[in-house]
>>> print(open('start-v8.cif').read())   # mmCIF, C-alpha atoms and all ligand atoms
data_start
loop_
_atom_site.label_atom_id
_atom_site.label_comp_id
_atom_site.auth_asym_id
_atom_site.auth_seq_id
_atom_site.Cartn_x
_atom_site.Cartn_y
_atom_site.Cartn_z
CA MET A 15 86.06 137.51 123.29
CA SER A 16 88.59 134.73 122.65
CA GLU A 17 87.18 131.39 121.48
CA SER A 18 87.52 128.50 123.94
CA PRO A 19 89.55 125.60 122.45
CA THR A 20 87.66 122.70 120.86
CA GLN A 21 86.99 119.92 123.36
CA PHE A 22 87.82 116.49 121.92
CA ASP A 23 86.78 113.10 123.26
CA SER A 24 90.14 111.59 122.28
CA ALA A 25 93.49 113.08 121.28
CA ILE A 26 95.96 110.64 119.76
CA VAL A 27 99.70 111.31 119.80
CA GLY A 28 101.19 109.88 116.59
CA GLY A 29 99.80 109.27 113.12
CA GLY A 30 101.36 105.88 112.33
CA VAL A 31 99.24 102.80 111.58
CA ILE A 32 98.45 102.37 115.28
CA GLY A 33 97.28 105.95 115.89
CA CYS A 34 95.32 106.14 112.62
CA ALA A 35 93.55 102.81 113.15
CA ILE A 36 92.49 103.70 116.70
CA ALA A 37 91.29 107.11 115.50
CA TRP A 38 89.20 105.48 112.79
CA ARG A 39 87.55 103.03 115.20
CA LEU A 40 86.75 105.77 117.75
CA ALA A 41 85.31 108.11 115.12
CA GLN A 42 83.19 105.26 113.76
CA ALA A 43 81.70 105.03 117.26
CA GLY A 44 80.77 108.72 117.13
CA MET A 45 83.67 110.22 119.12
CA LYS A 46 85.29 113.54 118.33
CA VAL A 47 88.91 112.61 117.65
CA VAL A 48 92.11 114.48 116.80
CA VAL A 49 95.43 112.93 115.71
CA ILE A 50 98.53 115.04 116.31
CA GLU A 51 101.45 114.08 114.08
CA ARG A 52 104.85 115.72 114.17
CA GLY A 53 105.54 115.13 110.47
CA ASP A 54 103.26 113.74 107.77
CA VAL A 55 100.90 110.86 108.49
CA GLY A 56 102.54 107.42 108.49
CA ARG A 57 106.06 108.30 107.37
CA GLU A 58 107.97 106.53 110.16
CA ALA A 59 108.10 102.83 111.10
CA SER A 60 104.71 102.25 109.46
CA HIS A 61 106.16 103.34 106.11
CA ALA A 62 109.40 101.37 106.55
CA ALA A 63 107.80 97.99 107.27
CA GLY A 64 107.59 94.94 105.03
CA GLY A 65 103.86 94.46 105.56
CA MET A 66 104.26 90.82 106.60
CA LEU A 67 101.50 89.28 108.73
CA VAL A 68 103.59 86.31 109.77
CA PRO A 69 103.30 85.12 113.39
CA LEU A 70 104.38 81.56 112.54
CA ALA A 71 107.51 82.75 110.73
CA GLU A 72 108.53 85.20 113.48
CA ALA A 73 107.51 83.67 116.83
CA ASP A 74 109.79 81.34 118.79
CA ASP A 75 107.03 79.82 120.88
CA ALA A 76 103.31 80.04 121.62
CA ASP A 77 103.56 82.86 124.16
CA ASP A 78 101.13 85.73 124.86
CA LEU A 79 102.51 87.84 122.01
CA PHE A 80 102.10 84.95 119.57
CA HIS A 81 98.43 84.55 120.56
CA LEU A 82 97.81 88.29 120.15
CA CYS A 83 99.48 88.19 116.71
CA VAL A 84 97.38 85.20 115.63
CA ALA A 85 94.21 86.94 116.83
CA SER A 86 95.08 90.03 114.79
CA ARG A 87 95.99 87.97 111.74
CA ALA A 88 92.55 86.35 111.89
CA MET A 89 90.98 89.83 111.68
CA TYR A 90 92.93 90.93 108.59
CA ALA A 91 90.76 89.80 105.67
CA ASP A 92 87.73 91.63 107.08
CA PHE A 93 89.85 94.60 108.15
CA ALA A 94 91.28 95.01 104.62
CA SER A 95 87.88 94.74 103.01
CA GLU A 96 86.28 97.18 105.48
CA LEU A 97 89.15 99.61 104.85
CA LYS A 98 88.53 99.38 101.11
CA SER A 99 84.86 100.25 101.55
CA ALA A 100 85.67 103.11 103.92
CA SER A 101 88.55 104.63 101.93
CA GLY A 102 88.30 103.38 98.34
CA ILE A 103 91.91 102.10 98.67
CA ASP A 104 92.83 98.45 98.12
CA VAL A 105 95.62 97.59 100.59
CA GLU A 106 96.74 94.56 98.53
CA TYR A 107 96.03 91.93 101.17
CA ARG A 108 97.65 88.79 99.67
CA THR A 109 97.15 85.20 100.77
CA GLU A 110 99.79 83.16 98.90
CA GLY A 111 101.45 82.40 102.25
CA THR A 112 105.02 82.20 103.51
CA LEU A 113 107.88 79.76 102.92
CA TYR A 114 110.67 79.23 105.47
CA LEU A 115 113.81 77.67 103.97
CA SER A 116 116.45 75.38 105.40
CA LEU A 117 119.70 76.09 103.53
CA THR A 118 122.25 74.62 105.97
CA GLU A 119 122.56 71.83 108.52
CA HIS A 120 122.20 74.43 111.27
CA ASP A 121 118.95 75.69 109.66
CA ASP A 122 117.61 72.09 109.79
CA GLU A 123 117.63 72.27 113.58
CA GLU A 124 115.86 75.64 113.63
CA LEU A 125 113.14 74.52 111.20
CA GLU A 126 112.72 71.18 112.96
CA ARG A 127 112.22 72.96 116.31
CA ARG A 128 109.70 75.34 114.71
CA TRP A 129 107.85 72.45 113.05
CA GLN A 130 107.67 70.49 116.34
CA TRP A 131 106.05 73.20 118.47
CA GLN A 132 103.77 74.52 115.75
CA HIS A 133 102.60 71.08 114.58
CA ALA A 134 102.04 69.99 118.21
CA ALA A 135 99.96 73.13 118.76
CA GLY A 136 97.74 72.22 115.77
CA LEU A 137 98.82 75.26 113.74
CA ASN A 138 98.60 75.31 109.95
CA VAL A 139 102.20 74.47 109.01
CA LYS A 140 103.34 72.12 106.23
CA ARG A 141 106.67 70.36 105.56
CA LEU A 142 107.81 70.56 101.95
CA ASN A 143 110.71 68.74 100.31
CA ALA A 144 113.04 70.83 98.15
CA ASP A 145 111.33 69.83 94.87
CA CYS A 146 107.89 70.83 96.15
CA ALA A 147 109.16 74.16 97.43
CA ARG A 148 110.97 74.89 94.18
CA LYS A 149 107.79 74.13 92.21
CA LEU A 150 106.18 76.97 94.18
CA GLU A 151 109.16 79.31 93.76
CA PRO A 152 111.53 78.24 90.95
CA GLN A 153 114.08 80.97 91.73
CA ILE A 154 115.00 79.52 95.16
CA ASN A 155 118.66 78.54 95.75
CA ASP A 156 119.69 74.99 94.68
CA LYS A 157 121.16 74.54 98.18
CA LEU A 158 117.61 74.29 99.54
CA ARG A 159 117.34 71.21 101.80
CA TRP A 160 113.66 71.43 102.74
CA ALA A 161 111.13 74.08 103.75
CA LEU A 162 108.15 74.90 105.92
CA LYS A 163 105.05 76.50 104.45
CA PHE A 164 102.78 78.72 106.54
CA PRO A 165 99.65 79.01 104.37
CA ASP A 166 97.97 81.51 106.74
CA ASP A 167 100.92 83.90 107.12
CA HIS A 168 99.83 86.59 104.67
CA GLN A 169 100.84 90.13 103.72
CA VAL A 170 99.53 93.61 103.07
CA ASN A 171 101.01 96.69 101.41
CA ASN A 172 101.66 98.78 104.53
CA ARG A 173 102.18 102.01 102.59
CA LEU A 174 98.77 101.67 100.96
CA MET A 175 97.38 100.77 104.37
CA ILE A 176 98.55 104.09 105.80
CA ASP A 177 96.80 105.95 102.95
CA ALA A 178 93.68 103.86 103.49
CA LEU A 179 93.61 104.36 107.27
CA HIS A 180 94.22 108.09 106.88
CA ALA A 181 91.38 108.42 104.34
CA ALA A 182 88.98 106.17 106.30
CA ALA A 183 89.63 108.12 109.50
CA GLN A 184 89.12 111.46 107.76
CA ASN A 185 85.92 110.17 106.14
CA ALA A 186 84.70 109.18 109.61
CA GLY A 187 85.37 112.73 110.88
CA VAL A 188 88.84 112.51 112.49
CA GLU A 189 90.79 115.78 112.52
CA PHE A 190 94.49 115.43 111.64
CA GLN A 191 96.93 118.08 112.86
CA THR A 192 100.19 117.40 111.00
CA GLN A 193 103.55 119.17 111.38
CA ALA A 194 102.48 119.59 115.02
CA GLU A 195 104.60 118.18 117.82
CA VAL A 196 103.15 117.13 121.17
CA GLU A 197 105.35 118.73 123.81
CA ARG A 198 103.58 117.78 127.05
CA LEU A 199 100.57 115.95 128.37
CA LEU A 200 98.28 118.13 130.47
CA ILE A 201 97.30 116.42 133.71
CA GLU A 202 95.19 117.83 136.54
CA SER A 203 94.30 116.57 139.99
CA ARG A 204 90.55 116.13 140.44
CA ALA A 205 88.98 114.76 143.60
CA GLY A 206 92.33 113.33 144.64
CA ARG A 207 92.88 111.52 141.33
CA LYS A 208 95.08 112.52 138.42
CA GLN A 209 93.19 113.02 135.16
CA VAL A 210 94.55 113.80 131.69
CA VAL A 211 92.85 116.91 130.25
CA GLY A 212 94.73 117.45 126.99
CA LEU A 213 98.02 118.20 125.32
CA SER A 214 100.34 121.06 124.76
CA THR A 215 101.61 121.08 121.15
CA SER A 216 103.88 123.23 119.01
CA ARG A 217 100.66 124.68 117.53
CA GLY A 218 98.86 125.35 120.80
CA GLU A 219 96.84 123.57 123.43
CA ILE A 220 94.33 120.79 122.79
CA ARG A 221 91.69 119.88 125.36
CA SER A 222 90.61 116.25 125.40
CA LYS A 223 88.89 113.86 127.81
CA THR A 224 91.25 111.05 126.89
CA VAL A 225 94.76 110.89 125.41
CA ILE A 226 96.20 107.90 123.58
CA VAL A 227 99.97 107.56 123.27
CA ALA A 228 100.72 105.99 119.87
CA ALA A 229 104.02 107.76 119.29
CA GLY A 230 106.02 104.68 118.24
CA CYS A 231 109.66 104.64 119.38
CA TRP A 232 109.33 108.24 120.65
CA SER A 233 106.65 107.30 123.22
CA SER A 234 109.04 107.40 126.19
CA LEU A 235 110.17 110.92 125.30
CA LEU A 236 106.71 112.34 126.06
CA LYS A 237 106.44 114.14 129.36
CA SER A 238 103.84 115.51 131.71
CA GLU A 239 104.45 118.59 133.84
CA SER A 240 106.03 116.38 136.50
CA GLU A 241 108.45 115.10 133.82
CA THR A 242 108.18 111.58 135.21
CA LEU A 243 105.32 109.90 133.48
CA LEU A 244 106.23 108.12 130.28
CA PRO A 245 109.96 107.31 130.35
CA ALA A 246 109.18 104.29 132.56
CA LEU A 247 107.87 102.45 129.49
CA LYS A 248 111.43 102.36 128.14
CA VAL A 249 110.31 102.26 124.51
CA GLU A 250 113.43 102.48 122.37
CA PRO A 251 114.19 102.57 118.63
CA VAL A 252 115.54 99.43 116.92
CA HIS A 253 116.88 100.46 113.53
CA GLY A 254 116.02 98.29 110.49
CA GLN A 255 117.08 98.75 106.87
CA MET A 256 115.40 97.50 103.69
CA VAL A 257 116.21 97.18 99.96
CA ALA A 258 113.68 97.08 97.10
CA VAL A 259 114.53 95.69 93.66
CA ALA A 260 112.63 95.33 90.39
CA MET A 261 111.65 91.67 89.96
CA ILE A 262 112.17 89.78 86.71
CA ALA A 263 110.19 86.74 85.49
CA PRO A 264 109.20 84.36 86.94
CA PRO A 265 108.01 86.69 89.72
CA VAL A 266 108.20 85.56 93.33
CA SER A 267 104.72 85.24 94.84
CA HIS A 268 105.31 84.03 98.44
CA ILE A 269 107.03 85.78 101.30
CA ILE A 270 110.25 83.75 101.68
CA TYR A 271 112.21 83.55 104.93
CA SER A 272 115.56 82.00 105.69
CA CYS A 273 116.99 81.98 109.21
CA ARG A 274 118.90 85.14 108.25
CA ALA A 275 116.65 87.28 106.00
CA TYR A 276 113.29 87.62 104.27
CA VAL A 277 112.04 88.71 100.85
CA VAL A 278 108.54 90.10 100.27
CA PRO A 279 106.98 90.38 96.80
CA ARG A 280 104.74 93.37 96.15
CA LEU A 281 102.23 93.68 93.32
CA GLY A 282 103.64 95.78 90.48
CA GLY A 283 106.93 93.84 90.23
CA VAL A 284 108.73 95.03 93.36
CA LEU A 285 110.60 92.68 95.69
CA ILE A 286 111.62 93.92 99.15
CA ALA A 287 114.43 92.36 101.18
CA GLY A 288 115.24 92.90 104.85
CA SER A 289 116.31 93.50 107.36
CA THR A 290 118.95 94.63 109.85
CA SER A 291 118.50 95.19 113.57
CA ASP A 292 120.72 97.80 115.22
CA LYS A 293 120.79 100.34 118.04
CA PHE A 294 121.66 103.63 116.30
CA GLY A 295 119.55 105.80 118.62
CA PHE A 296 116.98 107.88 116.76
CA GLU A 297 119.19 108.26 113.69
CA LYS A 298 117.71 106.79 110.49
CA ARG A 299 120.78 106.30 108.34
CA VAL A 300 120.98 103.82 105.51
CA THR A 301 124.47 102.32 105.63
CA ALA A 302 126.58 100.62 102.97
CA ASP A 303 127.29 97.71 105.35
CA GLY A 304 123.59 97.33 106.20
CA ILE A 305 122.49 97.20 102.58
CA ALA A 306 125.41 94.93 101.57
CA SER A 307 124.51 92.45 104.31
CA ILE A 308 120.84 92.37 103.30
CA ILE A 309 121.81 91.74 99.66
CA GLU A 310 124.21 88.92 100.64
CA ARG A 311 121.52 87.23 102.73
CA ALA A 312 118.81 87.76 100.07
CA LYS A 313 121.12 86.12 97.51
CA GLU A 314 121.26 83.07 99.73
CA ILE A 315 117.47 82.79 99.29
CA LEU A 316 117.33 83.85 95.62
CA PRO A 317 120.76 83.65 93.91
CA GLY A 318 119.50 85.93 91.10
CA PHE A 319 118.82 88.77 93.59
CA GLY A 320 122.28 90.31 93.02
CA ASN A 321 121.50 91.04 89.33
CA LEU A 322 118.27 92.89 90.00
CA THR A 323 118.02 96.68 89.82
CA ILE A 324 117.80 98.46 93.18
CA THR A 325 114.83 100.82 93.13
CA GLU A 326 114.86 102.03 96.73
CA THR A 327 116.68 101.67 100.04
CA TRP A 328 115.35 102.94 103.37
CA SER A 329 115.39 102.50 107.10
CA GLY A 330 112.92 102.78 109.96
CA LEU A 331 112.80 102.62 113.75
CA ARG A 332 110.93 99.73 115.35
CA PRO A 333 109.40 100.75 118.70
CA ARG A 334 110.64 98.22 121.30
CA ALA A 335 109.56 98.36 124.95
CA GLY A 336 111.96 97.22 127.70
CA ASP A 337 110.71 93.62 127.57
CA GLY A 338 109.98 93.49 123.82
CA LEU A 339 106.20 93.24 124.30
CA PRO A 340 103.62 95.79 123.14
CA VAL A 341 102.25 98.27 125.69
CA ILE A 342 98.46 98.36 125.35
CA GLY A 343 96.15 99.58 128.08
CA ALA A 344 95.20 102.31 130.53
CA ASP A 345 97.66 104.09 132.80
CA ALA A 346 97.40 102.91 136.42
CA SER A 347 97.49 106.36 138.02
CA VAL A 348 96.26 108.88 135.42
CA ALA A 349 92.61 108.55 134.40
CA GLY A 350 91.95 108.93 130.68
CA LEU A 351 95.52 108.11 129.62
CA VAL A 352 95.89 105.02 127.41
CA TYR A 353 98.94 103.52 125.70
CA ALA A 354 99.21 101.79 122.33
CA THR A 355 102.90 101.49 121.64
CA GLY A 356 105.92 99.16 121.66
CA HIS A 357 104.71 97.04 118.74
CA TYR A 358 108.33 96.38 117.77
CA ARG A 359 108.54 93.90 114.81
CA ASN A 360 104.79 93.30 114.49
CA GLY A 361 102.99 96.64 114.43
CA ILE A 362 101.43 96.20 111.00
CA LEU A 363 100.19 92.73 111.96
CA LEU A 364 98.91 93.98 115.32
CA THR A 365 97.03 97.01 113.97
CA PRO A 366 93.49 95.51 113.82
CA VAL A 367 93.61 93.95 117.29
CA THR A 368 95.22 97.02 118.88
CA ALA A 369 92.59 99.33 117.38
CA LYS A 370 89.84 97.02 118.65
CA ALA A 371 91.35 96.73 122.15
CA VAL A 372 92.06 100.43 122.63
CA SER A 373 88.72 101.60 121.25
CA GLU A 374 86.96 99.18 123.63
CA ILE A 375 88.98 100.53 126.57
CA ILE A 376 88.03 104.10 125.66
CA LEU A 377 84.39 103.34 124.89
CA LYS A 378 83.58 100.66 127.49
CA SER A 379 86.46 100.90 130.02
CA GLU A 380 87.48 97.30 129.31
CA SER A 381 88.47 95.17 126.37
CA THR A 382 87.39 91.75 125.18
CA VAL A 383 90.99 91.23 124.02
CA SER A 384 93.20 89.54 126.62
CA LEU A 385 95.73 92.26 127.46
CA SER A 386 97.18 91.38 130.87
CA ALA A 387 100.66 90.59 129.47
CA PHE A 388 100.73 93.94 127.68
CA SER A 389 99.51 96.21 130.46
CA PRO A 390 101.52 99.41 131.05
CA THR A 391 101.20 98.70 134.77
CA ARG A 392 104.07 96.20 134.41
CA PHE A 393 106.34 99.26 134.26
CA SER A 394 104.84 100.94 137.34
CA PRO A 395 107.13 101.20 140.38
CA GLN A 396 106.28 98.41 142.88
P1 LIG B 1 105.16 104.80 113.84
O1 LIG B 1 104.77 104.35 112.49
O2 LIG B 1 106.61 105.07 114.07
O3 LIG B 1 104.30 106.09 114.16
C1 LIG B 1 104.52 106.87 115.30
C2 LIG B 1 104.25 108.32 114.89
O4 LIG B 1 104.28 109.16 116.04
C3 LIG B 1 105.29 108.85 113.92
O5 LIG B 1 104.67 109.22 112.70
C4 LIG B 1 105.91 110.04 114.66
O6 LIG B 1 106.23 111.14 113.82
C5 LIG B 1 104.80 110.40 115.64
N1 LIG B 1 105.28 111.10 116.84
C6 LIG B 1 106.23 110.69 117.70
N2 LIG B 1 106.39 111.59 118.70
C7 LIG B 1 105.51 112.58 118.45
C8 LIG B 1 105.20 113.79 119.12
N3 LIG B 1 105.81 114.16 120.25
N4 LIG B 1 104.24 114.60 118.59
C9 LIG B 1 103.59 114.25 117.46
N5 LIG B 1 103.86 113.10 116.77
C10 LIG B 1 104.80 112.28 117.27
N6 LIG B 1 105.66 95.05 111.39
C11 LIG B 1 104.88 94.07 110.86
O7 LIG B 1 103.83 93.75 111.40
N7 LIG B 1 105.25 93.43 109.71
C12 LIG B 1 106.42 93.71 109.07
O8 LIG B 1 106.71 93.14 108.02
C13 LIG B 1 107.26 94.68 109.63
N8 LIG B 1 108.44 94.97 109.04
C14 LIG B 1 109.23 95.96 109.55
C15 LIG B 1 110.43 96.26 108.89
C16 LIG B 1 111.20 97.32 109.33
C17 LIG B 1 112.50 97.64 108.64
C18 LIG B 1 110.76 98.10 110.44
C19 LIG B 1 111.56 99.29 110.88
C20 LIG B 1 109.59 97.78 111.10
C21 LIG B 1 108.82 96.70 110.66
N9 LIG B 1 107.63 96.32 111.31
C22 LIG B 1 106.84 95.36 110.79
C23 LIG B 1 107.23 96.97 112.56
C24 LIG B 1 106.19 98.07 112.32
O9 LIG B 1 106.63 98.89 111.26
C25 LIG B 1 105.98 98.90 113.57
O10 LIG B 1 105.76 98.08 114.70
C26 LIG B 1 104.75 99.80 113.40
O11 LIG B 1 104.84 100.54 112.21
C27 LIG B 1 104.60 100.75 114.59
O12 LIG B 1 103.57 101.66 114.27
P2 LIG B 1 103.34 102.95 115.15
O13 LIG B 1 102.18 103.66 114.58
O14 LIG B 1 103.33 102.57 116.58
O15 LIG B 1 104.71 103.78 114.97
N1 LIG B 2 108.93 92.01 111.13
C1 LIG B 2 110.03 92.28 110.28
C2 LIG B 2 111.01 93.23 110.82
O1 LIG B 2 110.75 93.88 111.82
O2 LIG B 2 112.07 93.35 110.24
#
>>> encode(input="start-v8.cif", output="structure tokens", more="lines below")
Ligand code: FAD
Ligand code: GLY
Amino acid sequence: MSESPTQFDSAIVGGGVIGCAIAWRLAQAGMKVVVIERGDVGREASHAAGGMLVPLAEADDADDLFHLCVASRAMYADFASELKSASGIDVEYRTEGTLYLSLTEHDDEELERRWQWQHAAGLNVKRLNADCARKLEPQINDKLRWALKFPDDHQVNNRLMIDALHAAAQNAGVEFQTQAEVERLLIESRAGRKQVVGLSTSRGEIRSKTVIVAAGCWSSLLKSESETLLPALKVEPVHGQMVAVAMIAPPVSHIIYSCRAYVVPRLGGVLIAGSTSDKFGFEKRVTADGIASIIERAKEILPGFGNLTITETWSGLRPRAGDGLPVIGADASVAGLVYATGHYRNGILLTPVTAKAVSEIILKSESTVSLSAFSPTRFSPQ
């Protein structure tokens, strides 16, 4: 007699930070969870990121995405410490904060605008004159005019966070199927309503009561039998390159932004600089022009950057939905199908709040997180 396939409560497509964090939360609640990952866990955008948790440095106004980012940022200290207990891995959550530099007259306008809306909204933002900023980071360019400081815009080591999430999820009982590609979602009609019942993968069929799409920039390539389901999300790859160098004394300790680039210090003497933003399809090339432009812009922040030894270059694909907002919530027409994708430039930052929201949707059918702006129904045909 052939064995019937294991029945899971939740099958998650994609083992990036988003998929792993949701899996962990669901397994903690006692669900039987499988993560299907085409390659190795966390080797795509989640590996490529800078690990910055910086809503004030990245947002242009206090919109829905900004509020979601701030809510997730507020969860990070506890999230990092819970992850350490659950995995034994310290994700290097650092709280020195972020500096945002004005280096030109044009930058003055951009910083002034940022200061106005953030100060008016009562956010924790400080104005620093050039001397004060250089006391914090002596290697900053002499052209510095003034700076903003965001004391609550922190950082985490995203590569360690993948290891920690993977270990925490496994410790909670999650099954990981790696080197396994999801080919199709299995959907049946029951009592006049469509219901997801599992997945067809390159290693066979998986039966599951719910399916969560956390496939990053590949989310819109997933298909059901009808071939029509997921492309409507229009999640596309936005290519970003990065350069890491070995830092020399005095080490940089803050994330430092200009209007054109950022540098991120990691423990262990590594400084990361980024990034570019291009449409190269799904190709992940590292280009001479891309790296040269990052180095030029990093030198504007830290003139000594050009003398430092390059230790690594890489690229990754940010998952961007048609309107640039994350896609978090249940499908309007297929019961049991939930999306957690399109996190674009902020997926590391948004990991704790996404895992909370999606696990609440699966466990309680609704979330305490305000998700209306991020609902997948915004892509449904009218
Ligand atoms: P991914 O990490 O891409 O994971 C998706 C996974 O799904 C992949 O592992 C893939 O192999 C798998 N998959 C896809 N299709 C299938 C299939 N059919 N079957 C099985 N598996 C499949 N965010 C921040 O918050 N802070 C930052 O500082 C930051 N910096 C960034 C810098 C760069 C250069 C880039 C590229 C991104 C940056 N981001 C940052 C954004 C962040 O990296 C992403 O938003 C986040 O990693 C998305 O996570 P994810 O799990 O959705 O996607
Ligand atoms: N959030 C940084 C980036 O996407 O480059």
>>> atom_distance(input="start-v8.cif", atom1="atom CA of Lys237 of chain A", atom2="atom CA of Gly343 of chain A")
17.9 Å
>>> axis_aligned_box(input="start-v8.cif", around="ligand LIG 2 (chain B)", padding_each_side="8 Å", output="lines of an AutoDock Vina configuration file")
center_x = 110.5
center_y = 92.9
center_z = 111.0
size_x = 19.1
size_y = 17.9
size_z = 17.6
>>> residues_around(input="start-v8.cif", residues="Gly338 of chain A", least_positions_apart="4", cutoff="9 Å", atoms="all atoms listed in the file", output="MDAnalysis selection string")
chainID A and resid 249 333:334 356:358
>>> write_last_selection(input="start-v8.cif", atoms="C-alpha atoms", output="compact mmCIF listing (two decimals), in the coordinates of the input")
# COMPACT_ATOMS: atom_id res chain seq x y z
CA VAL A 249 110.31 102.26 124.51
CA PRO A 333 109.40 100.75 118.70
CA ARG A 334 110.64 98.22 121.30
CA GLY A 356 105.92 99.16 121.66
CA HIS A 357 104.71 97.04 118.74
CA TYR A 358 108.33 96.38 117.77
>>> residues_near_ligand(input="start-v8.cif", ligand="ligand LIG 1 (chain B)", cutoff="6 Å", atoms="all atoms listed in the file", output="mmCIF file with C-alpha atoms, in the coordinates of the input")
data_model
loop_
_atom_site.group_PDB
_atom_site.id
_atom_site.type_symbol
_atom_site.label_atom_id
_atom_site.label_comp_id
_atom_site.auth_asym_id
_atom_site.auth_seq_id
_atom_site.Cartn_x
_atom_site.Cartn_y
_atom_site.Cartn_z
ATOM 1 C CA VAL A 27 99.700 111.310 119.800
ATOM 2 C CA GLY A 28 101.190 109.880 116.590
ATOM 3 C CA GLY A 29 99.800 109.270 113.120
ATOM 4 C CA GLY A 30 101.360 105.880 112.330
ATOM 5 C CA VAL A 31 99.240 102.800 111.580
ATOM 6 C CA ILE A 32 98.450 102.370 115.280
ATOM 7 C CA GLY A 33 97.280 105.950 115.890
ATOM 8 C CA ILE A 50 98.530 115.040 116.310
ATOM 9 C CA GLU A 51 101.450 114.080 114.080
ATOM 10 C CA ARG A 52 104.850 115.720 114.170
ATOM 11 C CA GLY A 53 105.540 115.130 110.470
ATOM 12 C CA VAL A 55 100.900 110.860 108.490
ATOM 13 C CA GLY A 56 102.540 107.420 108.490
ATOM 14 C CA ARG A 57 106.060 108.300 107.370
ATOM 15 C CA GLU A 58 107.970 106.530 110.160
ATOM 16 C CA ALA A 59 108.100 102.830 111.100
ATOM 17 C CA SER A 60 104.710 102.250 109.460
ATOM 18 C CA ALA A 62 109.400 101.370 106.550
ATOM 19 C CA ALA A 63 107.800 97.990 107.270
ATOM 20 C CA GLY A 64 107.590 94.940 105.030
ATOM 21 C CA GLY A 65 103.860 94.460 105.560
ATOM 22 C CA MET A 66 104.260 90.820 106.600
ATOM 23 C CA LEU A 67 101.500 89.280 108.730
ATOM 24 C CA ALA A 194 102.480 119.590 115.020
ATOM 25 C CA GLU A 195 104.600 118.180 117.820
ATOM 26 C CA VAL A 196 103.150 117.130 121.170
ATOM 27 C CA GLU A 197 105.350 118.730 123.810
ATOM 28 C CA ALA A 228 100.720 105.990 119.870
ATOM 29 C CA ALA A 229 104.020 107.760 119.290
ATOM 30 C CA GLY A 230 106.020 104.680 118.240
ATOM 31 C CA TRP A 232 109.330 108.240 120.650
ATOM 32 C CA GLY A 254 116.020 98.290 110.490
ATOM 33 C CA GLN A 255 117.080 98.750 106.870
ATOM 34 C CA MET A 256 115.400 97.500 103.690
ATOM 35 C CA SER A 289 116.310 93.500 107.360
ATOM 36 C CA SER A 329 115.390 102.500 107.100
ATOM 37 C CA GLY A 330 112.920 102.780 109.960
ATOM 38 C CA LEU A 331 112.800 102.620 113.750
ATOM 39 C CA ARG A 332 110.930 99.730 115.350
ATOM 40 C CA THR A 355 102.900 101.490 121.640
ATOM 41 C CA HIS A 357 104.710 97.040 118.740
ATOM 42 C CA TYR A 358 108.330 96.380 117.770
ATOM 43 C CA ARG A 359 108.540 93.900 114.810
ATOM 44 C CA ASN A 360 104.790 93.300 114.490
ATOM 45 C CA GLY A 361 102.990 96.640 114.430
ATOM 46 C CA ILE A 362 101.430 96.200 111.000
ATOM 47 C CA LEU A 363 100.190 92.730 111.960
#
>>> residues_around(input="start-v8.cif", residues="Ala369 of chain A", least_positions_apart="2", cutoff="7 Å", atoms="only C-alpha atoms", output="number ranges by chain")
A: 32, 35-36, 39, 365-367, 371-373
>>> write_last_selection(input="start-v8.cif", atoms="C-alpha atoms", output="PDB file, in the frame of the given file")
ATOM      1  CA  ILE A  32      98.450 102.370 115.280  1.00  0.00           C
ATOM      2  CA  ALA A  35      93.550 102.810 113.150  1.00  0.00           C
ATOM      3  CA  ILE A  36      92.490 103.700 116.700  1.00  0.00           C
ATOM      4  CA  ARG A  39      87.550 103.030 115.200  1.00  0.00           C
ATOM      5  CA  THR A 365      97.030  97.010 113.970  1.00  0.00           C
ATOM      6  CA  PRO A 366      93.490  95.510 113.820  1.00  0.00           C
ATOM      7  CA  VAL A 367      93.610  93.950 117.290  1.00  0.00           C
ATOM      8  CA  ALA A 371      91.350  96.730 122.150  1.00  0.00           C
ATOM      9  CA  VAL A 372      92.060 100.430 122.630  1.00  0.00           C
ATOM     10  CA  SER A 373      88.720 101.600 121.250  1.00  0.00           C
TER      11      SER A 373
END
>>> residues_near_point(input="start-v8.cif", point="(96.5, 100.9, 106.9)", cutoff="8 Å", atoms="only C-alpha atoms", output="list in words")
Val31, Cys34, Ala35, Leu97, Val105, Asn172, Arg173, Leu174, Met175, Ile176, Asp177, Ala178, Leu179, His180 and Ile362 of chain A
>>> atom_distance(input="start-v8.cif", atom1="atom CA of Gly320 of chain A", atom2="atom CA of Ile154 of chain A")
13.2 Å
>>> closest_residue(input="start-v8.cif", among="A:Phe388, A:Trp38, A:Phe93, A:Tyr276", to="ligand LIG 2 (chain B)", atoms="only C-alpha atoms and all ligand atoms")
A:Tyr276
>>> closest_residue(input="start-v8.cif", among="A:Ala71, A:Leu115, A:Ile201, A:Ile309", to="ligand LIG 2 (chain B)", atoms="only C-alpha atoms and all ligand atoms")
A:Ala71
>>> closest_residue(input="start-v8.cif", among="A:Gln193, A:Ser101, A:Ser18, A:Thr118", to="Arg274 of chain A", atoms="all atoms listed in the file")
A:Thr118
